[in-house]
Every structure is written in C-alpha cells, then in structure tokens.
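Scroll down for the structure; my scribbles are underneath it.
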Amino acid sequence: MTNPIIQATIEFLKAFWAPLLCGVAIVAVLPLIVGYIVLVERKLMADMQARLGPMRVGPHGLLQPIADAVKLLIKEDIIPDNADKLVFWLAPVLSVGAALLSLAGLAIGPAFQIAQDINIGILFVVGVSALGIFGIVLGGWASNSHYSLMGALRSSAQLVSYETAAGMALVSALLFTGTLNIKSIVEAQSNEGIWFVMLAPVAFFTYLVASIAETNRAPFDLPEAESELVAGYMTEFSGFRWSLYFLAEYANMIVVASVATTLFLGGWLRPFSKVHELPGFHLLNLLDFVPVLLMVAIGVYCLQRTPKQPTRVQQMFMFAVAGLCFVLGLVLLVPVVVPIAKPFYAGIHGGFWFILKVSLYIYFFMWLRFTIPRYRFDQLMRLGWHFLIPLSIVNVLLVGVALIAGSYFHLQGWGLLLVTTPAAIITLIVAFLILAIEKEHGAPQDQSAASDFYAG
Amino acid sequence: MGPQHPSTHGVLRVKLKLDGERVISSECIIGYLHRGVEKIAENRTYQQFAPYVDRMDYVAAVSSGLGYCEAVEKLLVVEAPPRARVIRTILTELQRIASHLLWLGTHALDIGALTPLFYCFREREEILKIFEKYCGARLTTHAFRIGGLQYEAYDTFEKDVERFCKDFESRIVEYEDLLTQNRIWIGRTKGVGILTAADAIAFGVTGPVLRASGVKWDIRKAAAYAAYDQYKFEIPVGTTGDTYDRYLVRNAAIASDLPPSHRKYSRRTNHGESRKGTEAATGRGLSCDRSAQGRNRLLRCERRHRHAVSRAHPAAFLHQFASVRPHGARTPGC
C-alpha cells in the first residue's frame with residue numbers, strides 16, 4: 001500500500017493542480033508580460049511623440065524588457081539610513097503580493113481561473129487589490145523622505161475617494177446579474193446577448209475614470225508626479241524593490257482592466273456571441289476568423305520586416321516571432337474549422353477576446369497619459385467627491401428603477417435598452433446639472449476648502 | 001525644496017511651509033545661478049567678452065548676443081550695416097521662437113503633459129539646424145560681432161528659414177489643439193499666479209510676462225533696435241496676468257513672429273546690396289559636412305568680417321584701446 005502522506009498529496013494535487021499550475025505560471029510569466037506592456041507603452045508614447053522609442057536591444061527594441069530586468073536585478077540595493085528597515089523591506093512585497101493575489105480571482109476564459117468559482121469573486125478582486133495601497137502608504141512612510149510621504153498621502157486619499165465611485169459603478173452593473181461570481185456575470189451577459197456597457201454606459205464611464213485614478217495613472221498620477229514629487233512614494237526605492245512597485249502598478253492595471261472587461265465588456269465573449277450557438281450558417285459567425293486573420297497579418301508583417309534587420313540574430317528573432325504568430329493563428333483556426341476540436345472553442349477564442357479587450361482598455365489608459373496634463377490635488381478631490389460619487393449614486397438608483405420597470409414589462413436582452421437608455425440620459429442630465437452647480441459656485445480661489453478633502 | 005528639485009530649470013531653493021497639499025508660506029533663496037559674469041567682464045576686452053554673453057542665457061544665446069553687441073556699438077557710436085541688421089533680426093526672431101518653444105515644452109511637462117515637449121523640441125531642432133549651418137554652433141552661437149556679423153548668411157539660408165516658417169504655421173495648431181482648450185490645462189493655469197499690471201511695472205518685469213499683465217510694451221517697438229523698425233507686427237496682450245494669459249501671450253508671440261519674418265526675406269532679396277558681388281568676392285564662408293564619423297566642419301576660407309567696422313572707421317582707434325587695455329585695469333584679487 002502506498003504511504004498515506006503520498007496518497008494525501010496526490011488527492012490534494014488532484015483537486016488543486018490546475019490552480020497551482022496557473023498560480024506558478026502567473027507569478028513566473030507576469031513580470032515578462034508587464035515588461036512587454038511597458039515596452040508597448042514606450043513604443044506607443046514614442047509613436048505619438050514623433051520619435052522611435054527603444055530600438056537598440058533586439059529588433060525594434062523587442063528585447064528591451066529583458067535588458068531592463070537584468071539591469072534592475074544587478075543594481076545596487078540602497079536602503080536609506082533613516083528608513084524603517086523592516087517596513088521598507090515589507091512595503092513593495094505587500095504591494096506586489098496584493099496585486100498578484102487579486103489576479104487569482106479573475107477568469108480569462110470559462111476554464112482559466114485560479115481561484116475557481118469564488119461566489120464573491122468581484123468583491124474578492126476589488127478588496128484584495130485595494131490592499132495594495134498599504135504597500136504604497138507604508139513604503140512612503142518608511143522612506144523617511146518628504147517627497148515619499150507626500151506621494152503616499154496623496155495616494156491613500158485618492159484611493160479612498162475613487163474606490164467609492166468605482167464600487168458604486170460596479171454595483172450598478174451587478175444589479176443586472178444578481179451575483180458576484182465572475183463566471184456567472186459573464187454567463188449572464190451571454191444569456192442576455194448584450195454587454196453591460198450598453199445597458200449601463202454611465203457606470204462604465206465612472207468605472208473607467210475611477211480605475212485610472214485607482215491605478216495612479218495620468219491624469220491622476222499625482223502620487224508619483226515626476227515633475228512635482230520626483231517619483232512620489234517610490235523616490236527612495238531603487239533596483240529590484242523599485243521594480244516590484246512597478247510590477248504592482250502594472251499588475252493593478254491588468255486587474256482593473258480585467259474587472260471592467262468582465263463586468264462591462266462581456267469577459268471572454270465574442271461580439272454577438274449568441275449567434276454562435278444558433279444552428280446553421282450565419283454571416284456574423286465569420287467573426288470567428290478575425291483572430292486568425294489578425295495573427296496571420298502580424299506574422300506576414302514580421303516576415304516582411306525580416307530581411308530588413310541588420311544582423312543575422314535579429315533576422316532569426318523576427319522570423320521566430322513570425323512563426324509564433326502563425327502557430328497561434330493555427331491554434332485559433334482549428335476550433336473553428338475542425339468539428340472534433342469544437343469543445344476547445346470557448347477556451348481558446350475566449351482567451352483571445354478577453355486579452356484583446358483588456359489590451360484595448362490598457363491602450364486607452366496609455367493614450368490618456370500621453371495626451372492630457374495632470375490634475376491638481378484639490379481639483380482631483382473635487383472631481384471625485386463633487387462629481388463622480390454623486391453621479392454614480394444617482395446612476396445606481398436610476399439603473400435600479402430601470403430594472404424594476406424592465407421586469408414589469410418583461411423585457412429581455414436588447415429590449416432592456418428601452419428602459420436603461422432613458423435612465424442613462426437622465427443620469428447625463430444630472431451630470432450636467434452637477435457641473436453647472438460646480439461652475440456657479442466657481443473654483444474656490446481661497447482654497448480654504450482644499451485641506452478638508454483629507455478628511456474624506 | 002531645492003536647490004535641485006523635480007522641476008529644476010535652473011537651480012532655486014525654496015523654503016516651503018506646507019499644510020497637507022497647501023503651501024502656507026514660502027521663502028526663495030536665490031543666487032545659485034550667480035556665476036560672477038560681471039567680474040569676468042571687468043578683465044576682458046569687448047570682443048573677448050562677447051562669447052560669455054551667450055552663456056548667460058544658453059537657450060537664447062543669439063538674443064543676448066544681440067543685446068550685448070548693440071550696447072557696445074552704442075558706446076562706440078558705430079552702426080552695423082543694414083544688411084547685417086536684417087540678418088541679425090532674422091536670427092534673433094528665430095531664437096525667440098526656439099526659446100519660447102523650450103519654455104512651452106517644459107511648462108507643459110511640469111503640468112504633466114508629456115507630449116508637447118517632444119513636438120516643441122522637434123521644431124526647435126529645425127531652428128538649431130539653421131544656426132548650426134550659419135555659424136557651426138547650436139546653443140552658444142556667438143553669432144554676431146561688434147559692428148556686424150560673424151559670417152555672411154549661407155547660400156540656402158533664405159530657403160531654410162522660409163521652409164521652417166511654412167512648416168511651423170501648421171505645427172502651432174498642434175500645440176493649441178493639445179493645450180489651449182483642454183479643461184485640465186485651463187483648470188491648472190487659469191487664475192493661478194496673478195500678476196497685476198501695477199505690480200508688474202513695480203517689479204520691473206519685462207517681456208511676455210509684462211504683456212500678459214495687460215501692459216502693451218514691447219521693446220522691439222518702443223525702442224526699436226536692429227532692423228525691427230522696418231517691420232510691422234502685432235503685440236499680443238493679456239488681460240488678467242495669470243499663468244494662462246502668459247501661456248496665450250507667448251503662444252501668440254510665436255505665431256506673430258512668423259509673418260514679419262516672411263516679409264523680411266522678400267525684403268532682403270530685393271535689397272539693393274548685391275548678393276552676387278559678395279559671393280564672387282569671397283565664396284562660401286562655411287559648410288557643414290556630416291560624415292560618418294560625426295560632424296566635421298570645414299572652414300573653406302577665412303572668416304569674413306565684411307560688415308565689421310573697418311580699420312578706417314572713425315571709431316576704429318577704440319578697438320586698439322580695447323585690445324591693449326593696461327593690466328592696471330584689473331581689479332585686485334582676480
């Protein structure tokens with residue numbers, strides 16, 4: 001007979017192998033993903049600013065993230081003399097830990113979820129990702145530097161203010177589903193045949209703004225405003241500690257983008273996903289070939305660029321990237337064409353659509369960052385407390401009323417638009433009203449009210 | 001805060017008293033930029049000191065050079081020839097645009113807009129290229145000599161400047177699109193740092209800051225120097241004197257610099273002086289050769305002080321005085 005301990009281990013692995021594997025994969029792969037998100041951001045920034053961006057390491061700077069990671073790892077680790085050593089050590093770990101943990105609750109496809117079927121899914125994700133703020137506050141405090149402390153203060157005040165608006169926005173989307181379970185939320189959108197962004201556009205907008213503020217991105221990047229506070233709470237951190245904060249920030253971006261995708265943009269669902277289940281040929285089902293075409297297009301482009309690379313290594317690298325794209329295209333093609341592979345359709349294509357939506361959401365973040373100047377702190381607080389929070393509360397009420405009306409008239413799916421659109425329009429009117437009142441009172445020039453915002 | 005701080009554009013130490021995000025009081029500690037230029041000037045001849053002037057404001061070297069040269073010329077009762085004055089005006093106006101562009105880019109960067117900086121530097125680069133072609137230097141140009149110019153304008157000078165002006169007109173629209181109507185930008189700048197006209201005059205403020213406060217005073221018109229009296233241009237004026245007005249005035253200044261420039265060239269080409277003659281006499285003064293090793297500059301022939309004060313000039317003897325200034329003139333301890 002086998003050892004009971006081994007047996008228990010096997011039992012344990014049987015139940016938990018998939019989450020464990022996913023967990024390890026995420027912890028191992030996430031830094032790489034974040035590295036490439038940073039590269040994409042730099043390339044986008046360069047494109048918008050009429051320059052080239054990183055071009056030195058690898059073809060078109062494709063290996064830049066790896067070079068950066070190596071540089072950060074071998075950099076000298078400096079802890080300031082007056083810093084609180086333990087907290088200084090703990091803070092970035094806390095930050096990155098919270099960000100990674102909240103990733104566990106997310107579902108990339110119907111099958112890809114680490115913490116499977118938590119019935120409070122969204123609450124878990126939002127709650128745990130908000131814990132990351134402790135890392136920022138403690139880091140700013142432990143550094144024992146003016147700039148860091150200011151950054152930490154700003155960050156905490158900002159998170160408290162905007163988490164409320166974001167929560168309210170989430171509530172108005174959750175009203176449609178009646179569940180917090182992430183899988184059920186997406187399934188609800190599948191059943192309704194309409195994404196919640198159509199039903200609750202104001203909530204989506206509120207969440208969009210609030211999530212930018214929560215992740216400390218421009219135009220709300222006051223905690224790390226480089227022209228005011230050097231790097232805010234990260235000022236005294238260097239090398240790998242700093243990169244942990246960086247990792248946490250980008251992981252948080254992925255988290256908020258995923259939450260928005262799940263709640264508002266139909267998660268892993270294809271546009272017009274309901275058509276897929278209908279029998280017979282349907283024109284909209286050609287959408288299934290879009291992922292394949294996209295991959296092939298990228299592959300062809302890479303092949304075209306291959307001969308233009310200056311060195312042989314770079315040519316081979318480009319060739320490999322092209323090959324990878326073709327393989328991915330093939331993988332995406334098989335479930336559509338081959339009848340036996342049909343069961344894998346939801347998993348593979350779901351992953352593609354989910355990642356595409358998350359990328360678009362993050363792209364929007366970046367786009368804003370390069371276009372818009374930064375808010376001043378009191379303006380930021382005023383936007384949060386005087387505009388977003390009232391707006392989101394009104395929105396929740398109106399969406400609730402719309403839902404009651406909808407159930408009274410037995411409206412389903414697209415029909416719900418009949419009641420939610422008036423609700424959205426009324427919310428918009430309220431929004432303009434709030435803005436008008438703001439304008440009438442005018443910006444408080446004496447700024448005497450500004451310091452009170454910390455009380456919030 | 002400071003002397004080195006996150007938005008250092010020149011070191012300045014500010015003692016701040018904060019209550020949360022609010023600045024309750026501040027005390028500026030100046031002097032970090034003092035380089036003792038005046039002391040250096042005491043021990044140099046007029047010509048020797050000219051390059052130092054470029055270093056006083058290295059983002060507007062041509063302008064400060066012009067100021068210095070004109071001042072010395074006034075002392076010597078010398079006047080630069082008309083053609084030299086026109087070229088001086090063109091170069092100075094280009095420098096003004098470049099300097100304003102640098103200001104706009106960094107100002108936007110401080111408020112958190114990243115992109116305008118690169119757009120501004122893109123255009124500034126074009127101006128610096130013209131400077132480089134003209135005299136070989138980009139920042140500390142030392143473009144003018146007392147009594148004239150360092151070099152005759154190079155062959156394609158007119159064409160380069162005209163092309164720049166044409167491109168630039170459409171580029172200004174880009175900055176306006178990004179900033180002028182932006183809600184956040186207006187929120188950050190409107191009603192901030194108001195300087196009333198009376199205060200501005202009392203503090204002796206000049207230039208765009210004074211004009212933003214609503215005082216219609218432009219030294220280019222009030223006491224026209226170089227060849228400014230030959231051109232017509234608008235003086236943009238602000239109303240409230242806040243940061244937003246200063247931004248608008250500077251932007252308008254950039255834009256209004258263009259039309260007179262256009263006129264300048266046409267005027268210059270029609271000018272009675274024979275270009276052909278100059279070129280036949282001396283050939284090209286300088287050319288840039290950007291070879292693979294970097295930028296090699298080839299001086300094909302000696303510098304031509306064609307327009308500089310000739311030795312036969314009534315004031316020429318002053319030069320000799322200046323160059324053989326006795327050692328006794330030195331201040332002790334230097």
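Chain labels A, B, ... are given in the sequence in which chains occur in the structure tokens; within each chain residues are numbered consecutively from 1, and ligands are likewise numbered from 1 in the order shown.
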Sorted per-residue table, chain B near chain A, closest atoms and distance, 7 Å, only C-alpha atoms, as JSON lines:
{"residue": "B:Pro6", "atom": "CA", "partner": "A:Ser227", "partner_atom": "CA", "distance": 5.0}
{"residue": "B:Ser7", "atom": "CA", "partner": "A:Ser227", "partner_atom": "CA", "distance": 5.1}
{"residue": "B:Gly20", "atom": "CA", "partner": "A:Ser451", "partner_atom": "CA", "distance": 6.6}
{"residue": "B:Asp110", "atom": "CA", "partner": "A:Ser227", "partner_atom": "CA", "distance": 5.3}
{"residue": "B:Ile111", "atom": "CA", "partner": "A:Pro373", "partner_atom": "CA", "distance": 5.8}
{"residue": "B:Gly112", "atom": "CA", "partner": "A:Pro373", "partner_atom": "CA", "distance": 4.4}
{"residue": "B:Ala113", "atom": "CA", "partner": "A:Pro373", "partner_atom": "CA", "distance": 4.0}
{"residue": "B:Leu114", "atom": "CA", "partner": "A:Phe370", "partner_atom": "CA", "distance": 5.8}
{"residue": "B:Thr115", "atom": "CA", "partner": "A:Gln49", "partner_atom": "CA", "distance": 5.6}
{"residue": "B:Phe118", "atom": "CA", "partner": "A:Gln49", "partner_atom": "CA", "distance": 5.8}
{"residue": "B:Tyr119", "atom": "CA", "partner": "A:Gln49", "partner_atom": "CA", "distance": 6.6}
{"residue": "B:Ile184", "atom": "CA", "partner": "A:Tyr375", "partner_atom": "CA", "distance": 6.2}
{"residue": "B:Trp185", "atom": "CA", "partner": "A:Pro373", "partner_atom": "CA", "distance": 6.3}
{"residue": "B:Arg188", "atom": "CA", "partner": "A:Arg376", "partner_atom": "CA", "distance": 6.6}
Keeping only N, CA and C atoms, write the selected residues to a file as a CSV table (one decimal), in the first residue's frame.
chain,number,residue,atom,x,y,z
B,6,PRO,N,12.5,68.4,-8.4
B,6,PRO,CA,12.0,67.7,-9.6
B,6,PRO,C,11.8,68.5,-10.8
B,7,SER,N,11.5,69.8,-10.7
B,7,SER,CA,11.3,70.5,-11.9
B,7,SER,C,12.4,71.6,-12.1
B,20,GLY,N,-0.6,69.9,4.5
B,20,GLY,CA,-1.1,69.0,3.6
B,20,GLY,C,-0.6,69.3,2.2
B,110,ASP,N,5.8,70.2,-16.8
B,110,ASP,CA,5.7,70.4,-15.4
B,110,ASP,C,4.2,70.2,-15.0
B,111,ILE,N,3.3,70.5,-15.9
B,111,ILE,CA,1.9,70.4,-15.6
B,111,ILE,C,1.5,69.0,-15.9
B,112,GLY,N,2.3,68.2,-16.5
B,112,GLY,CA,2.0,66.8,-16.6
B,112,GLY,C,1.7,66.3,-18.0
B,113,ALA,N,1.7,67.2,-19.0
B,113,ALA,CA,1.5,66.8,-20.4
B,113,ALA,C,2.9,66.5,-21.0
B,114,LEU,N,3.0,65.2,-21.4
B,114,LEU,CA,4.3,64.8,-21.8
B,114,LEU,C,4.6,65.1,-23.2
B,115,THR,N,3.6,65.1,-24.1
B,115,THR,CA,3.8,65.1,-25.5
B,115,THR,C,4.3,66.4,-26.1
B,118,PHE,N,8.0,67.1,-26.8
B,118,PHE,CA,8.7,66.5,-28.0
B,118,PHE,C,8.3,67.2,-29.2
B,119,TYR,N,7.1,67.7,-29.3
B,119,TYR,CA,6.7,68.5,-30.5
B,119,TYR,C,7.5,69.7,-30.6
B,184,ILE,N,-8.4,70.5,-18.3
B,184,ILE,CA,-7.4,70.3,-17.2
B,184,ILE,C,-6.4,71.4,-17.3
B,185,TRP,N,-5.9,71.7,-18.5
B,185,TRP,CA,-4.9,72.8,-18.7
B,185,TRP,C,-5.4,74.1,-18.2
B,188,ARG,N,-5.6,74.2,-14.5
B,188,ARG,CA,-4.3,74.3,-13.8
B,188,ARG,C,-3.7,75.7,-13.9
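Counting only C-alpha atoms, A:Leu170 has the following residues at most 8 Å away, ignoring those fewer than 5 positions along the same chain: Ala203, Tyr207 and Leu263 of chain A.
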Deliver the residues from the most recent selection as a file, using N, CA and C atoms, as a compact mmCIF listing (two decimals), in the first residue's frame.
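New file again.txt:
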# COMPACT_ATOMS: atom_id res chain seq x y z
N ALA A 203 -22.19 53.93 -15.82
CA ALA A 203 -21.41 53.18 -14.84
C ALA A 203 -20.05 52.82 -15.42
N TYR A 207 -16.54 53.94 -13.88
CA TYR A 207 -15.51 52.97 -13.51
C TYR A 207 -14.22 53.25 -14.25
N LEU A 263 -17.06 42.77 -16.24
CA LEU A 263 -18.36 43.31 -15.86
C LEU A 263 -19.07 44.01 -17.01
For this session: Find the residues near A:Phe354: any atom within 12 Å, counting only C-alpha atoms, skip ones fewer than 4 places away on the same chain, and give them as a PyMOL selection string.
Result: chain A and resi 106-110+112+186+254+257-271+291+346-350+358-361
For this session: Quick one: everything within 8 Å of stretch 138-148 of chain B, counting only C-alpha atoms, minus sequence neighbours fewer than 2 positions away in the same chain. Send it as a ChimeraX atom specification.
Result: /B:47,50-51,54-55,58-62,65-66,69-70,72-73,78-81,84-85,88,128-129,131-132,135-136,150-151,305,307-309
Exercise. Which distance in Å separates atom CA of A:Phe196 and atom CA of A:Phe344, to one decimal?
Worked result: 25.7 Å
For this session: Considering only C-alpha atoms, return as an MDAnalysis selection string whatever protein or nucleic-acid residues lie within 7 Å of B:Val192, sequence-local ones (same chain, fewer than 2 positions apart) excluded.
Result: chainID B and resid 189:190 194 242:243
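Excluding B:Val86 itself and same-chain residues fewer than 2 positions from it, the residues having an atom within 8 Å of it are Pro82, Arg83, Ala84, Arg88, Thr89, Ile90, Ala226, Ala227, Lys264 and Arg268 of chain B, counting only C-alpha atoms.
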Exercise. If you count only C-alpha atoms, which residues fall within 10 Å of stretch 22-34 of chain A, apart from same-chain ones fewer than 4 positions away, as a VMD selection string?
Worked result: chain A and resid 17 to 18 38 to 40 65 to 66 69 97 100 to 101 103 to 104 112 to 115 243 to 244 246 to 251 253 to 254
Write a file of the selected residues as a short mmCIF file (atom, residue, chain, number, x, y, z; two decimals), in the first residue's frame, keeping N, CA and C atoms.
data_model
loop_
_atom_site.label_atom_id
_atom_site.label_comp_id
_atom_site.auth_asym_id
_atom_site.auth_seq_id
_atom_site.Cartn_x
_atom_site.Cartn_y
_atom_site.Cartn_z
N TRP A 17 -4.37 20.87 -8.74
CA TRP A 17 -3.23 21.01 -9.64
C TRP A 17 -3.40 22.17 -10.60
N ALA A 18 -4.64 22.34 -11.07
CA ALA A 18 -4.82 23.40 -12.08
C ALA A 18 -4.57 24.79 -11.49
N VAL A 38 5.17 47.49 -20.68
CA VAL A 38 5.97 48.72 -20.58
C VAL A 38 6.59 49.05 -21.93
N LEU A 39 7.08 48.01 -22.61
CA LEU A 39 7.68 48.25 -23.93
C LEU A 39 6.64 48.81 -24.89
N VAL A 40 5.45 48.20 -24.86
CA VAL A 40 4.38 48.69 -25.74
C VAL A 40 4.06 50.14 -25.41
N PRO A 65 12.70 44.81 -22.57
CA PRO A 65 12.25 44.46 -21.21
C PRO A 65 13.21 43.54 -20.49
N ILE A 66 13.81 42.59 -21.24
CA ILE A 66 14.71 41.64 -20.60
C ILE A 66 15.98 42.35 -20.15
N ALA A 69 15.13 44.24 -17.07
CA ALA A 69 15.00 43.37 -15.89
C ALA A 69 16.37 43.01 -15.35
N GLY A 97 2.28 41.64 -3.76
CA GLY A 97 1.52 40.47 -3.31
C GLY A 97 0.03 40.67 -3.51
N LEU A 100 -0.87 40.49 -7.21
CA LEU A 100 -0.85 39.14 -7.76
C LEU A 100 -2.02 38.32 -7.25
N LEU A 101 -2.32 38.52 -5.94
CA LEU A 101 -3.41 37.77 -5.34
C LEU A 101 -4.74 38.09 -6.01
N LEU A 103 -5.18 38.90 -8.99
CA LEU A 103 -5.23 38.26 -10.31
C LEU A 103 -5.84 36.86 -10.21
N ALA A 104 -5.66 36.24 -9.02
CA ALA A 104 -6.13 34.87 -8.85
C ALA A 104 -7.63 34.77 -9.04
N PHE A 112 -10.18 29.05 -17.37
CA PHE A 112 -8.94 29.59 -16.80
C PHE A 112 -9.24 30.50 -15.63
N GLN A 113 -9.29 29.93 -14.46
CA GLN A 113 -9.46 30.75 -13.27
C GLN A 113 -8.73 30.03 -12.16
N ILE A 114 -7.89 30.74 -11.42
CA ILE A 114 -7.10 30.07 -10.40
C ILE A 114 -7.99 29.72 -9.21
N ALA A 115 -8.56 30.76 -8.62
CA ALA A 115 -9.47 30.51 -7.51
C ALA A 115 -10.84 30.26 -8.12
N SER A 243 11.42 47.94 -8.86
CA SER A 243 10.74 47.22 -9.95
C SER A 243 9.54 46.44 -9.42
N LEU A 244 9.59 46.07 -8.12
CA LEU A 244 8.41 45.41 -7.53
C LEU A 244 7.22 46.36 -7.53
N PHE A 246 6.79 48.78 -9.51
CA PHE A 246 6.43 48.94 -10.92
C PHE A 246 5.55 47.78 -11.37
N LEU A 247 5.99 46.58 -10.97
CA LEU A 247 5.24 45.37 -11.29
C LEU A 247 3.84 45.47 -10.73
N ALA A 248 3.75 45.93 -9.46
CA ALA A 248 2.45 46.03 -8.81
C ALA A 248 1.56 47.01 -9.56
N GLU A 249 2.14 48.13 -10.00
CA GLU A 249 1.33 49.13 -10.68
C GLU A 249 0.73 48.57 -11.97
N TYR A 250 1.57 47.87 -12.73
CA TYR A 250 1.08 47.35 -13.99
C TYR A 250 0.15 46.16 -13.79
N ALA A 251 0.45 45.34 -12.76
CA ALA A 251 -0.45 44.24 -12.45
C ALA A 251 -1.82 44.80 -12.07
N MET A 253 -3.06 47.54 -13.13
CA MET A 253 -3.70 47.97 -14.38
C MET A 253 -4.41 46.79 -15.03
N ILE A 254 -3.71 45.64 -15.06
CA ILE A 254 -4.32 44.46 -15.66
C ILE A 254 -5.57 44.08 -14.88
#
For this session: Any chance you could list, as JSON, numbers by chain, the residues in stretch 48-247 of chain B that come up alpha helix (DSSP H) when DSSP is run on the backbone?
Result: {"B": [48, 49, 50, 51, 52, 53, 54, 55, 56, 61, 62, 63, 64, 65, 66, 67, 68, 69, 70, 71, 72, 73, 74, 75, 76, 82, 83, 84, 85, 86, 87, 88, 89, 90, 91, 92, 93, 94, 95, 96, 97, 98, 99, 100, 101, 102, 103, 104, 105, 106, 107, 108, 109, 110, 111, 115, 116, 117, 118, 119, 120, 121, 122, 123, 124, 125, 126, 127, 128, 129, 130, 131, 132, 133, 134, 135, 157, 158, 159, 160, 161, 162, 163, 164, 165, 166, 167, 168, 169, 170, 171, 172, 173, 174, 175, 183, 184, 185, 186, 187, 188, 189, 197, 198, 199, 200, 201, 202, 207, 208, 209, 210, 211, 212, 219, 220, 221, 222, 243, 244, 245, 246, 247]}
Selected residues written out with C-alpha atoms, as a compact mmCIF listing (two decimals), in the first residue's frame:
# COMPACT_ATOMS: atom_id res chain seq x y z
CA GLN B 48 36.67 88.83 -25.68
CA PHE B 49 33.60 89.10 -23.53
CA ALA B 50 31.09 88.56 -26.34
CA PRO B 51 31.12 84.75 -26.14
CA TYR B 52 30.45 84.89 -22.40
CA VAL B 53 27.17 86.64 -23.10
CA ASP B 54 25.94 83.53 -24.90
CA ARG B 55 26.36 81.54 -21.69
CA MET B 56 24.19 83.88 -19.64
CA ALA B 61 22.21 82.93 -26.91
CA VAL B 62 21.59 84.85 -30.10
CA SER B 63 19.30 87.32 -28.37
CA SER B 64 21.70 88.08 -25.55
CA GLY B 65 24.49 88.35 -28.10
CA LEU B 66 22.47 90.92 -30.00
CA GLY B 67 21.83 92.91 -26.85
CA TYR B 68 25.49 92.98 -25.97
CA CYS B 69 26.67 93.87 -29.47
CA GLU B 70 24.12 96.65 -29.82
CA ALA B 71 25.12 98.04 -26.44
CA VAL B 72 28.78 98.12 -27.30
CA GLU B 73 28.01 99.61 -30.69
CA LYS B 74 26.08 102.34 -28.97
CA LEU B 75 29.06 103.04 -26.75
CA LEU B 76 31.37 103.18 -29.74
CA PRO B 82 21.65 97.48 -42.92
CA ARG B 83 22.11 94.02 -44.33
CA ALA B 84 23.78 92.83 -41.16
CA ARG B 85 20.96 94.33 -39.13
CA VAL B 86 18.39 92.41 -41.16
CA ILE B 87 20.21 89.13 -40.70
CA ARG B 88 20.55 89.89 -37.02
CA THR B 89 16.82 90.43 -36.76
CA ILE B 90 16.01 87.19 -38.53
CA LEU B 91 18.35 85.15 -36.36
CA THR B 92 17.08 86.81 -33.20
CA GLU B 93 13.47 86.16 -34.10
CA LEU B 94 14.29 82.52 -34.79
CA GLN B 95 15.98 82.37 -31.43
CA ARG B 96 12.94 83.89 -29.79
CA ILE B 97 10.76 81.17 -31.28
CA ALA B 98 13.20 78.50 -30.16
CA SER B 99 13.33 79.90 -26.66
CA HIS B 100 9.55 80.14 -26.39
CA LEU B 101 9.27 76.58 -27.67
CA LEU B 102 11.58 75.35 -24.94
CA TRP B 103 9.50 77.22 -22.42
CA LEU B 104 6.25 75.80 -23.73
CA GLY B 105 7.52 72.24 -23.75
CA THR B 106 8.91 72.27 -20.25
CA HIS B 107 5.97 74.22 -18.87
CA ALA B 108 3.60 71.61 -20.25
CA LEU B 109 5.82 68.88 -18.87
CA ASP B 110 5.66 70.39 -15.40
CA ILE B 111 1.90 70.39 -15.56
CA THR B 115 3.82 65.08 -25.50
CA PRO B 116 4.09 68.84 -26.24
CA LEU B 117 7.71 68.74 -25.10
CA PHE B 118 8.66 66.50 -27.97
CA TYR B 119 6.67 68.46 -30.51
CA CYS B 120 8.34 71.66 -29.34
CA PHE B 121 11.79 70.16 -29.47
CA ARG B 122 11.12 68.87 -32.96
CA GLU B 123 10.57 72.43 -34.19
CA ARG B 124 13.33 73.85 -32.05
CA GLU B 125 15.67 71.37 -33.67
CA GLU B 126 14.93 72.89 -37.08
CA ILE B 127 15.90 76.31 -35.80
CA LEU B 128 19.06 74.99 -34.22
CA LYS B 129 19.94 73.37 -37.53
CA ILE B 130 19.72 76.75 -39.20
CA PHE B 131 22.02 78.18 -36.53
CA GLU B 132 24.40 75.32 -36.99
CA LYS B 133 24.53 75.86 -40.71
CA TYR B 134 25.05 79.56 -40.15
CA CYS B 135 27.85 79.52 -37.62
CA PHE B 157 19.63 80.49 -45.63
CA GLU B 158 16.56 82.17 -47.05
CA LYS B 159 15.13 78.91 -48.31
CA ASP B 160 15.70 77.17 -44.97
CA VAL B 161 14.05 79.89 -42.95
CA GLU B 162 11.15 80.13 -45.33
CA ARG B 163 10.60 76.40 -45.23
CA PHE B 164 10.71 76.48 -41.46
CA CYS B 165 8.14 79.25 -41.29
CA LYS B 166 5.81 77.42 -43.64
CA ASP B 167 6.01 74.16 -41.67
CA PHE B 168 5.79 75.90 -38.37
CA GLU B 169 2.49 77.58 -39.05
CA SER B 170 0.71 74.24 -39.18
CA ARG B 171 2.63 72.94 -36.19
CA ILE B 172 1.42 75.68 -33.87
CA VAL B 173 -2.07 74.32 -34.37
CA GLU B 174 -0.94 71.06 -32.79
CA TYR B 175 0.04 72.72 -29.53
CA ARG B 183 -10.15 71.57 -19.42
CA ILE B 184 -7.39 70.33 -17.18
CA TRP B 185 -4.90 72.76 -18.68
CA ILE B 186 -7.26 75.68 -18.13
CA GLY B 187 -8.01 74.45 -14.63
CA ARG B 188 -4.34 74.29 -13.80
CA THR B 189 -3.38 77.67 -15.22
CA ALA B 197 -0.16 95.42 -14.27
CA ALA B 198 0.83 97.77 -11.46
CA ASP B 199 2.81 95.06 -9.69
CA ALA B 200 4.46 94.00 -12.92
CA ILE B 201 5.67 97.53 -13.59
CA ALA B 202 6.75 97.98 -9.98
CA GLY B 207 8.73 90.79 -21.99
CA PRO B 208 5.80 88.41 -22.31
CA VAL B 209 5.15 88.39 -18.56
CA LEU B 210 4.60 92.14 -18.60
CA ARG B 211 2.42 91.93 -21.69
CA ALA B 212 0.33 89.14 -20.13
CA ILE B 219 10.94 96.87 -26.59
CA ARG B 220 11.06 95.88 -30.24
CA LYS B 221 8.60 98.68 -30.94
CA ALA B 222 9.20 101.04 -28.05
CA THR B 243 -0.46 81.75 -15.97
CA TYR B 244 -2.99 81.03 -18.69
CA ASP B 245 -2.58 84.55 -20.06
CA ARG B 246 1.17 84.22 -20.03
CA TYR B 247 0.77 81.00 -21.97
